[in-house]
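Enquirer: Okay, so here is coords31.json, and as you'll see once you scroll down, it has JSON, C-alpha atoms.
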```
[["chain", "number", "residue", "atom", "x", "y", "z"],
["I", 1, "MET", "CA", 11.07, 5.48, -31.91],
["I", 2, "ASP", "CA", 11.11, 1.96, -33.31],
["I", 3, "PRO", "CA", 8.40, -0.52, -32.23],
["I", 4, "LYS", "CA", 10.80, -2.66, -30.17],
["I", 5, "THR", "CA", 11.99, 0.29, -28.08],
["I", 6, "ALA", "CA", 8.41, 1.51, -27.70],
["I", 7, "MET", "CA", 7.44, -1.91, -26.34],
["I", 8, "TYR", "CA", 10.27, -1.81, -23.77],
["I", 9, "VAL", "CA", 9.24, 1.67, -22.62],
["I", 10, "ALA", "CA", 5.55, 0.76, -22.42],
["I", 11, "GLN", "CA", 6.32, -2.32, -20.32],
["I", 12, "GLY", "CA", 8.51, -0.17, -18.10],
["I", 13, "ILE", "CA", 5.63, 2.24, -17.47],
["I", 14, "HIS", "CA", 3.31, -0.64, -16.62],
["I", 15, "GLY", "CA", 5.95, -1.97, -14.23],
["I", 16, "LEU", "CA", 6.47, 1.41, -12.59],
["I", 17, "ALA", "CA", 2.72, 1.87, -12.10],
["I", 18, "TYR", "CA", 2.39, -1.55, -10.44],
["I", 19, "GLY", "CA", 5.49, -0.84, -8.37],
["I", 20, "MET", "CA", 3.99, 2.44, -7.14],
["I", 21, "ILE", "CA", 0.83, 0.62, -6.04],
["I", 22, "LEU", "CA", 2.96, -1.91, -4.17],
["I", 23, "PHE", "CA", 4.82, 0.98, -2.56],
["I", 24, "LEU", "CA", 1.61, 2.61, -1.31],
["I", 25, "ILE", "CA", 0.56, -0.66, 0.35],
["I", 26, "ALA", "CA", 4.02, -1.57, 1.66],
["I", 27, "SER", "CA", 4.81, 1.93, 2.97],
["I", 28, "GLY", "CA", 1.72, 1.88, 5.20],
["I", 29, "LEU", "CA", 2.58, -1.59, 6.46],
["I", 30, "ASN", "CA", 6.18, -0.54, 7.01],
["I", 31, "MET", "CA", 5.19, 2.64, 8.84],
["I", 32, "ILE", "CA", 2.99, 0.76, 11.29],
["I", 33, "PHE", "CA", 5.63, -1.90, 11.95],
["I", 34, "GLY", "CA", 8.62, 0.44, 12.00],
["I", 35, "MET", "CA", 7.10, 3.00, 14.36],
["I", 36, "MET", "CA", 4.76, 0.90, 16.47],
["I", 37, "GLY", "CA", 6.27, -2.58, 16.21],
["I", 38, "ILE", "CA", 2.93, -4.03, 15.06],
["I", 39, "LEU", "CA", 2.93, -6.51, 12.16],
["I", 40, "ASN", "CA", -0.57, -5.77, 10.86],
["I", 41, "LEU", "CA", -1.61, -8.75, 8.74],
["I", 42, "ALA", "CA", -5.02, -7.13, 8.20],
["I", 43, "HIS", "CA", -3.37, -4.34, 6.22],
["I", 44, "THR", "CA", -4.10, -5.84, 2.80],
["I", 45, "ALA", "CA", -7.68, -6.53, 3.87],
["I", 46, "PHE", "CA", -8.03, -2.77, 4.53],
["I", 47, "PHE", "CA", -6.59, -2.22, 1.05],
["I", 48, "MET", "CA", -9.31, -4.44, -0.42],
["I", 49, "LEU", "CA", -12.00, -2.81, 1.73],
["I", 50, "SER", "CA", -11.05, 0.61, 0.36],
["I", 51, "ALA", "CA", -11.40, -0.72, -3.19],
["I", 52, "TYR", "CA", -14.95, -1.81, -2.36],
["I", 53, "PHE", "CA", -15.70, 1.60, -0.80],
["I", 54, "CYS", "CA", -14.42, 3.15, -4.03],
["I", 55, "TYR", "CA", -16.81, 1.00, -6.07],
["I", 56, "GLN", "CA", -19.72, 1.94, -3.79],
["I", 57, "PHE", "CA", -19.03, 5.69, -3.89],
["I", 58, "ILE", "CA", -18.76, 5.64, -7.68],
["I", 59, "THR", "CA", -22.03, 3.68, -7.86],
["I", 60, "TRP", "CA", -23.75, 6.27, -5.68],
["I", 61, "THR", "CA", -22.21, 9.49, -6.99],
["I", 62, "GLY", "CA", -20.49, 8.64, -10.29],
["I", 63, "SER", "CA", -17.40, 10.52, -9.07],
["I", 64, "PHE", "CA", -14.04, 8.74, -8.97],
["I", 65, "TRP", "CA", -12.45, 11.80, -7.35],
["I", 66, "LEU", "CA", -14.90, 11.79, -4.46],
["I", 67, "ALA", "CA", -14.20, 8.07, -4.03],
["I", 68, "LEU", "CA", -10.44, 8.76, -4.02],
["I", 69, "LEU", "CA", -10.96, 11.34, -1.28],
["I", 70, "LEU", "CA", -13.44, 9.53, 0.97],
["I", 71, "ALA", "CA", -12.72, 5.79, 0.63],
["I", 72, "PRO", "CA", -9.19, 5.93, 2.14],
["I", 73, "ILE", "CA", -10.42, 8.19, 4.96],
["I", 74, "ILE", "CA", -13.24, 5.83, 5.93],
["I", 75, "THR", "CA", -10.83, 2.89, 5.68],
["I", 76, "ALA", "CA", -8.42, 4.73, 7.97],
["I", 77, "ILE", "CA", -11.23, 5.26, 10.50],
["I", 78, "PHE", "CA", -11.78, 1.48, 10.58],
["I", 79, "GLY", "CA", -8.05, 1.06, 11.11],
["I", 80, "ILE", "CA", -8.04, 3.54, 13.97],
["I", 81, "LEU", "CA", -10.95, 1.73, 15.61],
["I", 82, "LEU", "CA", -9.04, -1.57, 15.33],
["I", 83, "GLU", "CA", -5.95, -0.02, 16.94],
["I", 84, "ARG", "CA", -7.89, 1.86, 19.61],
["I", 85, "LEU", "CA", -10.32, -0.87, 20.66],
["I", 86, "ILE", "CA", -8.35, -4.10, 20.18],
["I", 87, "LEU", "CA", -4.68, -3.88, 19.19],
["I", 88, "ARG", "CA", -3.77, -1.44, 21.96],
["I", 89, "LYS", "CA", -4.97, -3.96, 24.53],
["I", 90, "VAL", "CA", -3.16, -6.97, 23.07],
["I", 91, "HIS", "CA", 0.05, -5.10, 22.14],
["I", 92, "VAL", "CA", 1.50, -5.71, 25.61],
["I", 93, "GLY", "CA", 1.27, -9.46, 24.97],
["I", 94, "GLY", "CA", 3.81, -9.37, 22.13],
["I", 95, "HIS", "CA", 3.59, -10.20, 18.43],
["I", 96, "LEU", "CA", 1.66, -13.47, 18.65],
["I", 97, "PRO", "CA", -1.62, -11.95, 19.94],
["I", 98, "GLU", "CA", -1.26, -9.15, 17.37],
["I", 99, "LEU", "CA", -0.84, -11.65, 14.55],
["I", 100, "ILE", "CA", -3.87, -13.66, 15.67],
["I", 101, "VAL", "CA", -6.03, -10.54, 16.02],
["I", 102, "THR", "CA", -5.01, -9.01, 12.69],
["I", 103, "VAL", "CA", -5.42, -12.29, 10.78],
["I", 104, "GLY", "CA", -8.85, -12.70, 12.35],
["I", 105, "PHE", "CA", -9.83, -9.12, 11.50],
["I", 106, "GLY", "CA", -8.73, -9.68, 7.91],
["I", 107, "MET", "CA", -11.03, -12.73, 7.73],
["I", 108, "VAL", "CA", -13.88, -10.65, 9.15],
["I", 109, "ILE", "CA", -13.37, -8.02, 6.43],
["I", 110, "LEU", "CA", -13.30, -10.74, 3.75],
["I", 111, "ALA", "CA", -16.54, -12.24, 5.03],
["I", 112, "ALA", "CA", -18.14, -8.79, 5.24],
["I", 113, "VAL", "CA", -17.37, -7.84, 1.64],
["I", 114, "LYS", "CA", -18.81, -11.17, 0.43],
["I", 115, "ILE", "CA", -22.00, -10.49, 2.38],
["I", 116, "PHE", "CA", -22.42, -6.87, 1.27],
["I", 117, "TRP", "CA", -21.06, -7.01, -2.31],
["I", 118, "GLY", "CA", -21.13, -10.70, -3.26],
["I", 119, "THR", "CA", -18.36, -12.80, -4.77],
["I", 120, "GLU", "CA", -18.47, -11.53, -8.37],
["I", 121, "SER", "CA", -15.84, -9.20, -9.81],
["I", 122, "LEU", "CA", -17.11, -5.62, -9.83],
["I", 123, "PRO", "CA", -15.81, -3.30, -12.58],
["I", 124, "VAL", "CA", -14.78, 0.21, -11.56],
["I", 125, "LYS", "CA", -14.83, 2.84, -14.28],
["I", 126, "MET", "CA", -11.93, 5.28, -14.36],
["I", 127, "PRO", "CA", -12.73, 8.99, -14.85],
["I", 128, "PRO", "CA", -12.99, 10.05, -18.53],
["I", 129, "VAL", "CA", -10.07, 12.47, -18.18],
["I", 130, "LEU", "CA", -7.75, 9.55, -17.31],
["I", 131, "GLU", "CA", -8.89, 7.25, -20.12],
["I", 132, "GLY", "CA", -6.99, 6.66, -23.33],
["I", 133, "LEU", "CA", -3.42, 7.47, -24.30],
["I", 134, "VAL", "CA", -1.27, 10.58, -24.26],
["I", 135, "ILE", "CA", 1.57, 11.22, -26.72],
["I", 136, "ILE", "CA", 4.91, 12.27, -25.19],
["I", 137, "ALA", "CA", 8.07, 12.47, -27.32],
["I", 138, "GLY", "CA", 6.33, 10.64, -30.11],
["I", 139, "MET", "CA", 5.18, 7.73, -27.93],
["I", 140, "GLU", "CA", 1.75, 6.81, -26.63],
["I", 141, "TYR", "CA", 1.41, 6.33, -22.86],
["I", 142, "PRO", "CA", -1.64, 5.10, -20.89],
["I", 143, "VAL", "CA", -2.88, 8.18, -19.05],
["I", 144, "TYR", "CA", -4.13, 6.28, -16.02],
["I", 145, "ARG", "CA", -0.77, 4.54, -15.46],
["I", 146, "LEU", "CA", 0.99, 7.90, -15.53],
["I", 147, "PHE", "CA", -1.59, 9.22, -13.06],
["I", 148, "VAL", "CA", -0.87, 6.31, -10.67],
["I", 149, "ILE", "CA", 2.88, 6.97, -10.84],
["I", 150, "GLY", "CA", 2.41, 10.71, -10.25],
["I", 151, "LEU", "CA", -0.02, 10.18, -7.37],
["I", 152, "ALA", "CA", 2.33, 7.75, -5.61],
["I", 153, "LEU", "CA", 5.23, 10.20, -5.94],
["I", 154, "LEU", "CA", 3.04, 12.97, -4.47],
["I", 155, "VAL", "CA", 2.12, 10.73, -1.54],
["I", 156, "LEU", "CA", 5.81, 9.88, -1.03],
["I", 157, "LEU", "CA", 6.66, 13.61, -0.98],
["I", 158, "PHE", "CA", 3.80, 14.33, 1.43],
["I", 159, "MET", "CA", 4.91, 11.56, 3.80],
["I", 160, "ALA", "CA", 8.55, 12.71, 3.69],
["I", 161, "LEU", "CA", 7.54, 16.30, 4.52],
["I", 162, "LEU", "CA", 5.15, 15.12, 7.25],
["I", 163, "LEU", "CA", 7.73, 12.90, 8.94],
["I", 164, "TYR", "CA", 10.86, 15.04, 8.60],
["I", 165, "LYS", "CA", 9.66, 18.66, 8.33],
["I", 166, "THR", "CA", 6.76, 18.97, 10.76],
["I", 167, "ARG", "CA", 6.44, 19.02, 14.54],
["I", 168, "LEU", "CA", 4.17, 15.98, 14.40],
["I", 169, "GLY", "CA", 6.82, 14.03, 12.50],
["I", 170, "LYS", "CA", 9.48, 14.95, 15.04],
["I", 171, "ILE", "CA", 7.19, 13.90, 17.88],
["I", 172, "VAL", "CA", 6.57, 10.55, 16.17],
["I", 173, "GLN", "CA", 10.30, 9.94, 15.67],
["I", 174, "ALA", "CA", 11.02, 10.89, 19.28],
["I", 175, "ALA", "CA", 8.21, 8.64, 20.51],
["I", 176, "VAL", "CA", 9.66, 5.72, 18.57],
["I", 177, "SER", "CA", 13.09, 6.29, 20.12],
["I", 178, "ASP", "CA", 11.96, 6.85, 23.71],
["I", 179, "ALA", "CA", 8.21, 6.76, 24.32],
["I", 180, "ASP", "CA", 8.52, 7.11, 28.11],
["I", 181, "MET", "CA", 10.60, 10.28, 27.85],
["I", 182, "VAL", "CA", 8.20, 11.86, 25.33],
["I", 183, "ASN", "CA", 5.25, 10.84, 27.49],
["I", 184, "ALA", "CA", 6.92, 12.52, 30.49],
["I", 185, "LEU", "CA", 6.98, 15.77, 28.47],
["I", 186, "GLY", "CA", 3.19, 15.74, 28.41],
["I", 187, "ILE", "CA", 2.68, 14.37, 24.89],
["I", 188, "ASN", "CA", -0.08, 11.81, 24.50],
["I", 189, "ILE", "CA", 1.81, 8.82, 23.09],
["I", 190, "PRO", "CA", -1.26, 6.57, 22.55],
["I", 191, "LEU", "CA", -2.82, 9.38, 20.49],
["I", 192, "VAL", "CA", 0.38, 9.73, 18.42],
["I", 193, "PHE", "CA", 0.49, 6.01, 17.69],
["I", 194, "MET", "CA", -3.23, 6.00, 16.84],
["I", 195, "VAL", "CA", -2.56, 8.70, 14.24],
["I", 196, "VAL", "CA", 0.38, 6.68, 12.85],
["I", 197, "PHE", "CA", -1.83, 3.61, 12.49],
["I", 198, "GLY", "CA", -4.52, 5.69, 10.81],
["I", 199, "VAL", "CA", -2.07, 7.22, 8.31],
["I", 200, "GLY", "CA", -0.60, 3.79, 7.54],
["I", 201, "THR", "CA", -4.08, 2.39, 6.88],
["I", 202, "TRP", "CA", -4.92, 5.46, 4.76],
["I", 203, "LEU", "CA", -1.94, 4.69, 2.52],
["I", 204, "GLY", "CA", -3.27, 1.18, 1.92],
["I", 205, "GLY", "CA", -6.69, 2.72, 1.24],
["I", 206, "VAL", "CA", -5.28, 5.03, -1.43],
["I", 207, "ALA", "CA", -3.69, 2.00, -3.12],
["I", 208, "GLY", "CA", -7.04, 0.18, -3.02],
["I", 209, "VAL", "CA", -8.78, 3.02, -4.85],
["I", 210, "VAL", "CA", -6.19, 3.49, -7.59],
["I", 211, "ILE", "CA", -5.92, -0.23, -8.38],
["I", 212, "ALA", "CA", -9.69, -0.76, -8.58],
["I", 213, "PRO", "CA", -10.09, 0.47, -12.22],
["I", 214, "ILE", "CA", -7.10, -1.69, -13.28],
["I", 215, "LEU", "CA", -7.92, -5.07, -11.71],
["I", 216, "THR", "CA", -11.66, -4.67, -10.88],
["I", 217, "VAL", "CA", -12.81, -5.40, -7.32],
["I", 218, "PHE", "CA", -13.25, -8.95, -6.04],
["I", 219, "PRO", "CA", -12.92, -10.79, -2.70],
["I", 220, "GLY", "CA", -9.43, -12.17, -3.47],
["I", 221, "LEU", "CA", -7.94, -8.79, -4.34],
["I", 222, "ASP", "CA", -6.05, -8.59, -1.05],
["I", 223, "GLY", "CA", -4.39, -11.94, -1.63],
["I", 224, "GLN", "CA", -3.42, -11.22, -5.25],
["I", 225, "VAL", "CA", -1.57, -7.99, -4.49],
["I", 226, "GLY", "CA", -1.03, -8.40, -0.76],
["I", 227, "MET", "CA", 1.52, -11.19, -1.07],
["I", 228, "ASP", "CA", 3.67, -9.02, -3.34],
["I", 229, "ALA", "CA", 3.39, -6.14, -0.83],
["I", 230, "PHE", "CA", 4.53, -8.32, 2.08],
["I", 231, "MET", "CA", 7.46, -9.55, -0.03],
["I", 232, "VAL", "CA", 8.39, -5.91, -0.66],
["I", 233, "VAL", "CA", 8.48, -5.23, 3.08],
["I", 234, "VAL", "CA", 10.57, -8.32, 3.83],
["I", 235, "THR", "CA", 13.00, -7.74, 0.95],
["I", 236, "GLY", "CA", 13.37, -4.00, 1.53],
["I", 237, "GLY", "CA", 13.80, -4.40, 5.28],
["I", 238, "PHE", "CA", 11.20, -4.04, 8.03],
["I", 239, "GLY", "CA", 10.67, -0.39, 8.91],
["I", 240, "SER", "CA", 12.60, 1.01, 5.94],
["I", 241, "LEU", "CA", 10.61, 3.45, 3.78],
["I", 242, "MET", "CA", 13.50, 3.73, 1.31],
["I", 243, "GLY", "CA", 13.76, -0.06, 1.09],
["I", 244, "ALA", "CA", 10.04, -0.33, 0.38],
["I", 245, "PHE", "CA", 10.28, 2.30, -2.38],
["I", 246, "ILE", "CA", 13.25, 0.76, -4.20],
["I", 247, "VAL", "CA", 12.08, -2.85, -3.92],
["I", 248, "SER", "CA", 8.57, -1.87, -5.04],
["I", 249, "ILE", "CA", 10.01, -0.46, -8.27],
["I", 250, "ILE", "CA", 12.18, -3.55, -8.79],
["I", 251, "PHE", "CA", 9.22, -5.88, -8.20],
["I", 252, "GLY", "CA", 7.01, -3.86, -10.53],
["I", 253, "LEU", "CA", 9.58, -4.05, -13.34],
["I", 254, "LEU", "CA", 10.22, -7.75, -12.71],
["I", 255, "SER", "CA", 6.50, -8.43, -12.92],
["I", 256, "SER", "CA", 6.00, -6.39, -16.10],
["I", 257, "TYR", "CA", 9.04, -7.58, -18.05],
["I", 258, "GLY", "CA", 8.67, -11.10, -16.67],
["I", 259, "VAL", "CA", 5.15, -11.43, -18.08],
["I", 260, "GLN", "CA", 6.39, -10.07, -21.43],
["I", 261, "PHE", "CA", 9.53, -12.18, -21.89],
["I", 262, "PHE", "CA", 9.36, -15.11, -19.41],
["I", 263, "SER", "CA", 5.65, -15.69, -18.94],
["I", 264, "ALA", "CA", 6.13, -19.22, -17.57],
["I", 265, "LEU", "CA", 8.69, -18.05, -15.01],
["I", 266, "ALA", "CA", 7.16, -14.65, -14.24],
["I", 267, "PRO", "CA", 5.44, -15.74, -10.99],
["I", 268, "VAL", "CA", 8.73, -16.92, -9.46],
["I", 269, "LEU", "CA", 10.97, -13.99, -10.44],
["I", 270, "MET", "CA", 10.09, -11.92, -7.37],
["I", 271, "PHE", "CA", 10.49, -14.94, -5.09],
["I", 272, "ALA", "CA", 13.89, -15.61, -6.64],
["I", 273, "PHE", "CA", 14.95, -11.97, -6.13],
["I", 274, "MET", "CA", 13.76, -12.05, -2.51],
["I", 275, "ALA", "CA", 15.59, -15.32, -1.86],
["I", 276, "ILE", "CA", 18.86, -13.93, -3.25],
["I", 277, "VAL", "CA", 18.59, -10.72, -1.21],
["I", 278, "LEU", "CA", 17.76, -12.52, 2.03],
["I", 279, "ALA", "CA", 20.58, -15.03, 1.46],
["I", 280, "ILE", "CA", 23.02, -12.10, 1.35],
["I", 281, "ARG", "CA", 21.28, -9.73, 3.78],
["I", 282, "PRO", "CA", 18.83, -11.58, 6.07],
["I", 283, "MET", "CA", 17.54, -8.27, 7.45],
["I", 284, "GLY", "CA", 16.60, -7.03, 3.94],
["I", 285, "LEU", "CA", 18.25, -4.53, 1.60],
["I", 286, "PHE", "CA", 17.87, -1.55, 3.94],
["I", 287, "GLY", "CA", 16.98, -3.32, 7.18],
["I", 288, "GLU", "CA", 19.06, -2.82, 10.29],
["I", 289, "ARG", "CA", 20.41, -5.73, 12.28],
["I", 290, "GLU", "CA", 18.97, -5.75, 15.81]]
```
What's the structure tokens form of this structure?

Expert:
Amino acid sequence: MDPKTAMYVAQGIHGLAYGMILFLIASGLNMIFGMMGILNLAHTAFFMLSAYFCYQFITWTGSFWLALLLAPIITAIFGILLERLILRKVHVGGHLPELIVTVGFGMVILAAVKIFWGTESLPVKMPPVLEGLVIIAGMEYPVYRLFVIGLALLVLLFMALLLYKTRLGKIVQAAVSDADMVNALGINIPLVFMVVFGVGTWLGGVAGVVIAPILTVFPGLDGQVGMDAFMVVVTGGFGSLMGAFIVSIIFGLLSSYGVQFFSALAPVLMFAFMAIVLAIRPMGLFGERE
């Protein structure tokens, strides 16, 4: 393969890896909004918190895999506590109290990470087995980027099976359509929604762990990636898992190829794409008009 083609393919892999990370964050945000009607603006703060948990577990144990297992779970527990203790009480007041509470909780998380871990960037070492390059069809690929892509696809498959092939998924879909009817059948709707919120936060936590070795961990991590994730949700359509997946890939490729070929314009390419989509379809690519 000639060097020019190899460069295009390598940039494509970088773009896909970044797109998969955006998808992990946006899918959790989309799940919470689509099924519960809660626009959780603290979602990216949970994503950042999980990255810090990852750093701490690796510091204590030296194991990236243990961090990948435990950091998203602990982050999800914090998310469940937020839903159970605060959001459930303000949900009846509409979106404005939810927005105020989630923005405030995001600021609390930001302040907490500065207190516990400081304001310096903290490097996170990837496991040795994922370092370096692998040769496929005569080309060298970064192993860790391929791992990120594969992990995101596994999570997507897991979520699809959970939502469409299990009894829990059918209960969740029924509860979204008619919560009162499902509640009358003896199913605990608040418990179902608490699980949904926890799974959505766990998805953001997984993204926080996998991005930590790429970008390091620092207090502004949520803002750097979070804005792109929110743009994915808006452009793909609120509540649409398919929209989040497709737009995440498009944004990842725009970011990667934009930096390579239009470095001065790269930051505005995603905004331009979002503006064009919303001008044609205000509800997003796969959003449904209410």

Enquirer: List as CSV every residue of segment 207-290 of chain I that is in contact with segment 149-166 of chain I, defined as an atom at most 12 Å from one of its atoms (using all atoms listed in the file), together with the nearest atom pair and the distance in Å rounded to one decimal, sorted by chain and then rising number.

Expert:
```
residue,atom,partner,partner_atom,distance
I:Ala207,CA,I:Ala152,CA,8.7
I:Val209,CA,I:Leu151,CA,11.6
I:Val210,CA,I:Leu151,CA,9.1
I:Ile211,CA,I:Ile149,CA,11.6
I:Leu241,CA,I:Leu156,CA,9.4
I:Met242,CA,I:Leu156,CA,10.1
I:Ala244,CA,I:Leu156,CA,11.1
I:Phe245,CA,I:Leu156,CA,8.9
I:Ser248,CA,I:Ala152,CA,11.5
I:Ile249,CA,I:Ile149,CA,10.6
I:Gly252,CA,I:Ile149,CA,11.6
```

Enquirer: For Gly208 of chain I, find every residue with an atom within 10 Å (counting only C-alpha atoms), except residues of its own chain fewer than 3 positions away, and show them as a list in words.

Expert: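 Contacts, with the query itself left out: Ile21, Leu24, Ile25, Thr44, Ala45, Phe46, Phe47, Met48, Leu49, Ser50, Ala51, Tyr52, Phe53, Cys54, Leu68, Ala71, Pro72, Thr75, Trp202, Leu203, Gly204, Gly205, Ile211, Ala212, Pro213, Val217, Leu221, Asp222 and Val225 of chain I.
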
Enquirer: Write the residues of the selection above to a file with C-alpha atoms, as an mmCIF file, in the frame of the given file.

Expert:
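Generated file (out08.cif):
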```cif
data_model
loop_
_atom_site.group_PDB
_atom_site.id
_atom_site.type_symbol
_atom_site.label_atom_id
_atom_site.label_comp_id
_atom_site.auth_asym_id
_atom_site.auth_seq_id
_atom_site.Cartn_x
_atom_site.Cartn_y
_atom_site.Cartn_z
ATOM 1 C CA ILE I 21 0.830 0.620 -6.040
ATOM 2 C CA LEU I 24 1.610 2.610 -1.310
ATOM 3 C CA ILE I 25 0.560 -0.660 0.350
ATOM 4 C CA THR I 44 -4.100 -5.840 2.800
ATOM 5 C CA ALA I 45 -7.680 -6.530 3.870
ATOM 6 C CA PHE I 46 -8.030 -2.770 4.530
ATOM 7 C CA PHE I 47 -6.590 -2.220 1.050
ATOM 8 C CA MET I 48 -9.310 -4.440 -0.420
ATOM 9 C CA LEU I 49 -12.000 -2.810 1.730
ATOM 10 C CA SER I 50 -11.050 0.610 0.360
ATOM 11 C CA ALA I 51 -11.400 -0.720 -3.190
ATOM 12 C CA TYR I 52 -14.950 -1.810 -2.360
ATOM 13 C CA PHE I 53 -15.700 1.600 -0.800
ATOM 14 C CA CYS I 54 -14.420 3.150 -4.030
ATOM 15 C CA LEU I 68 -10.440 8.760 -4.020
ATOM 16 C CA ALA I 71 -12.720 5.790 0.630
ATOM 17 C CA PRO I 72 -9.190 5.930 2.140
ATOM 18 C CA THR I 75 -10.830 2.890 5.680
ATOM 19 C CA TRP I 202 -4.920 5.460 4.760
ATOM 20 C CA LEU I 203 -1.940 4.690 2.520
ATOM 21 C CA GLY I 204 -3.270 1.180 1.920
ATOM 22 C CA GLY I 205 -6.690 2.720 1.240
ATOM 23 C CA ILE I 211 -5.920 -0.230 -8.380
ATOM 24 C CA ALA I 212 -9.690 -0.760 -8.580
ATOM 25 C CA PRO I 213 -10.090 0.470 -12.220
ATOM 26 C CA VAL I 217 -12.810 -5.400 -7.320
ATOM 27 C CA LEU I 221 -7.940 -8.790 -4.340
ATOM 28 C CA ASP I 222 -6.050 -8.590 -1.050
ATOM 29 C CA VAL I 225 -1.570 -7.990 -4.490
#
```

Enquirer: Could you please determine the separation between atom CA of Phe261 of chain I and atom CA of Met7 of chain I in Å, to one decimal place?

Expert: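 Going from atom CA of Phe261 of chain I over to atom CA of Met7 of chain I covers 11.4 Å.
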
Enquirer: Which value, in Å to one decimal, gives the distance between atom CA of Phe251 of chain I and atom CA of Val101 of chain I?

Expert: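 So the answer is 29.0 Å.
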
Enquirer: Would you work out the distance separating atom CA of Ala76 of chain I from atom CA of Val199 of chain I, expressed in Å to one decimal?

Expert: 6.8 Å

Enquirer: Can you pull out every residue within 12 Å of Gly94 of chain I, counting only C-alpha atoms, but drop anything in the same chain fewer than 4 positions away, and send it as a list in words?

Expert: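 These residues fall inside the cut-off: Met36, Gly37, Ile38, Leu39, Leu87, Arg88, Lys89, Val90, Glu98, Leu99, Ile100 and Val101 of chain I.
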
Enquirer: I'd like to know which of I:Ser256, I:Phe230, I:Thr102, I:Phe78 is closest to Tyr8 of chain I, using only C-alpha atoms.

Expert: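 Counting only C-alpha atoms, the residue closest to Tyr8 of chain I is I:Ser256.
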
Enquirer: Measuring atom to atom with only C-alpha atoms, identify which of I:Gln11, I:Asp180, I:Gly132, I:Ile187 is nearest to Arg167 of chain I.

Expert: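 Checking each candidate against Arg167 of chain I, we get I:Ile187 as the closest.
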
Enquirer: Please provide as a PyMOL selection string all residues within 8 Å of Arg145 of chain I, with the sequence filter that same-chain residues fewer than 6 positions apart are discarded (counting all atoms listed in the file).

Expert: chain I and resi 13-14+17

Enquirer: Pick from I:Phe218, I:Phe197, I:Tyr55, I:Phe64: nearest to Leu29 of chain I, with all atoms listed in the file counted?

Expert: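 Checking each of I:Phe218, I:Phe197, I:Tyr55, I:Phe64 against Leu29 of chain I, counting all atoms listed in the file, the winner is I:Phe197.
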
Enquirer: Pick from I:Gly239, I:Pro127, I:Gly258, I:Gly12: nearest to Tyr141 of chain I, with only C-alpha atoms counted?

Expert: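 For Tyr141 of chain I, the nearest of the given residues is I:Gly12.
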
Enquirer: Looking at all atoms listed in the file, which of I:Ala26, I:Leu16, I:His95, I:Val172 is the one that sits closest to Met194 of chain I?

Expert: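 Among the listed residues, the smallest separation from Met194 of chain I belongs to I:Val172.
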
Enquirer: Could you tell me which of I:Ala184, I:Val259, I:Val196, I:Leu110 comes closest to Gly34 of chain I if we count only C-alpha atoms?

Expert: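 Counting only C-alpha atoms, the residue closest to Gly34 of chain I is I:Val196.
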
Enquirer: Residues within 9 Å of Ile250 of chain I, please, as a VMD selection string. Count all atoms listed in the file; anything in the same chain fewer than 6 positions from it doesn't count.

Expert: chain I and resid 15 to 16 19 270

Enquirer: Edge lengths and centre in Å to one decimal, as lines of an AutoDock Vina configuration file, of the axis-aligned box that encloses all listed atoms of segment 264-269 of chain I with 6 Å added on every side?

Expert:
```
center_x = 8.2
center_y = -16.6
center_z = -13.5
size_x = 17.5
size_y = 17.2
size_z = 20.1
```

Enquirer: Please complete segment 92-99 of chain I so it has N, CA, C and O atoms, and hand it over as an mmCIF file, in the frame of the given file.

Expert:
```
data_model
loop_
_atom_site.group_PDB
_atom_site.id
_atom_site.type_symbol
_atom_site.label_atom_id
_atom_site.label_comp_id
_atom_site.auth_asym_id
_atom_site.auth_seq_id
_atom_site.Cartn_x
_atom_site.Cartn_y
_atom_site.Cartn_z
ATOM 1 N N VAL I 92 0.608 -5.387 24.491
ATOM 2 C CA VAL I 92 1.500 -5.710 25.610
ATOM 3 C C VAL I 92 1.843 -7.193 25.646
ATOM 4 O O VAL I 92 2.823 -7.592 26.277
ATOM 5 N N GLY I 93 1.039 -8.021 24.959
ATOM 6 C CA GLY I 93 1.270 -9.460 24.970
ATOM 7 C C GLY I 93 2.280 -9.923 23.925
ATOM 8 O O GLY I 93 2.555 -11.121 23.835
ATOM 9 N N GLY I 94 2.808 -8.985 23.127
ATOM 10 C CA GLY I 94 3.810 -9.370 22.130
ATOM 11 C C GLY I 94 3.198 -9.555 20.752
ATOM 12 O O GLY I 94 2.038 -9.222 20.499
ATOM 13 N N HIS I 95 4.012 -10.105 19.835
ATOM 14 C CA HIS I 95 3.590 -10.200 18.430
ATOM 15 C C HIS I 95 2.533 -11.274 18.182
ATOM 16 O O HIS I 95 1.693 -11.121 17.285
ATOM 17 N N LEU I 96 2.582 -12.375 18.949
ATOM 18 C CA LEU I 96 1.660 -13.470 18.650
ATOM 19 C C LEU I 96 0.188 -13.050 18.778
ATOM 20 O O LEU I 96 -0.608 -13.293 17.847
ATOM 21 N N PRO I 97 -0.218 -12.398 19.883
ATOM 22 C CA PRO I 97 -1.620 -11.950 19.940
ATOM 23 C C PRO I 97 -1.965 -10.955 18.828
ATOM 24 O O PRO I 97 -3.078 -10.988 18.280
ATOM 25 N N GLU I 98 -1.008 -10.104 18.460
ATOM 26 C CA GLU I 98 -1.260 -9.150 17.370
ATOM 27 C C GLU I 98 -1.501 -9.882 16.053
ATOM 28 O O GLU I 98 -2.399 -9.521 15.287
ATOM 29 N N LEU I 99 -0.676 -10.897 15.791
ATOM 30 C CA LEU I 99 -0.840 -11.650 14.550
ATOM 31 C C LEU I 99 -2.195 -12.351 14.501
ATOM 32 O O LEU I 99 -2.886 -12.335 13.476
#
```
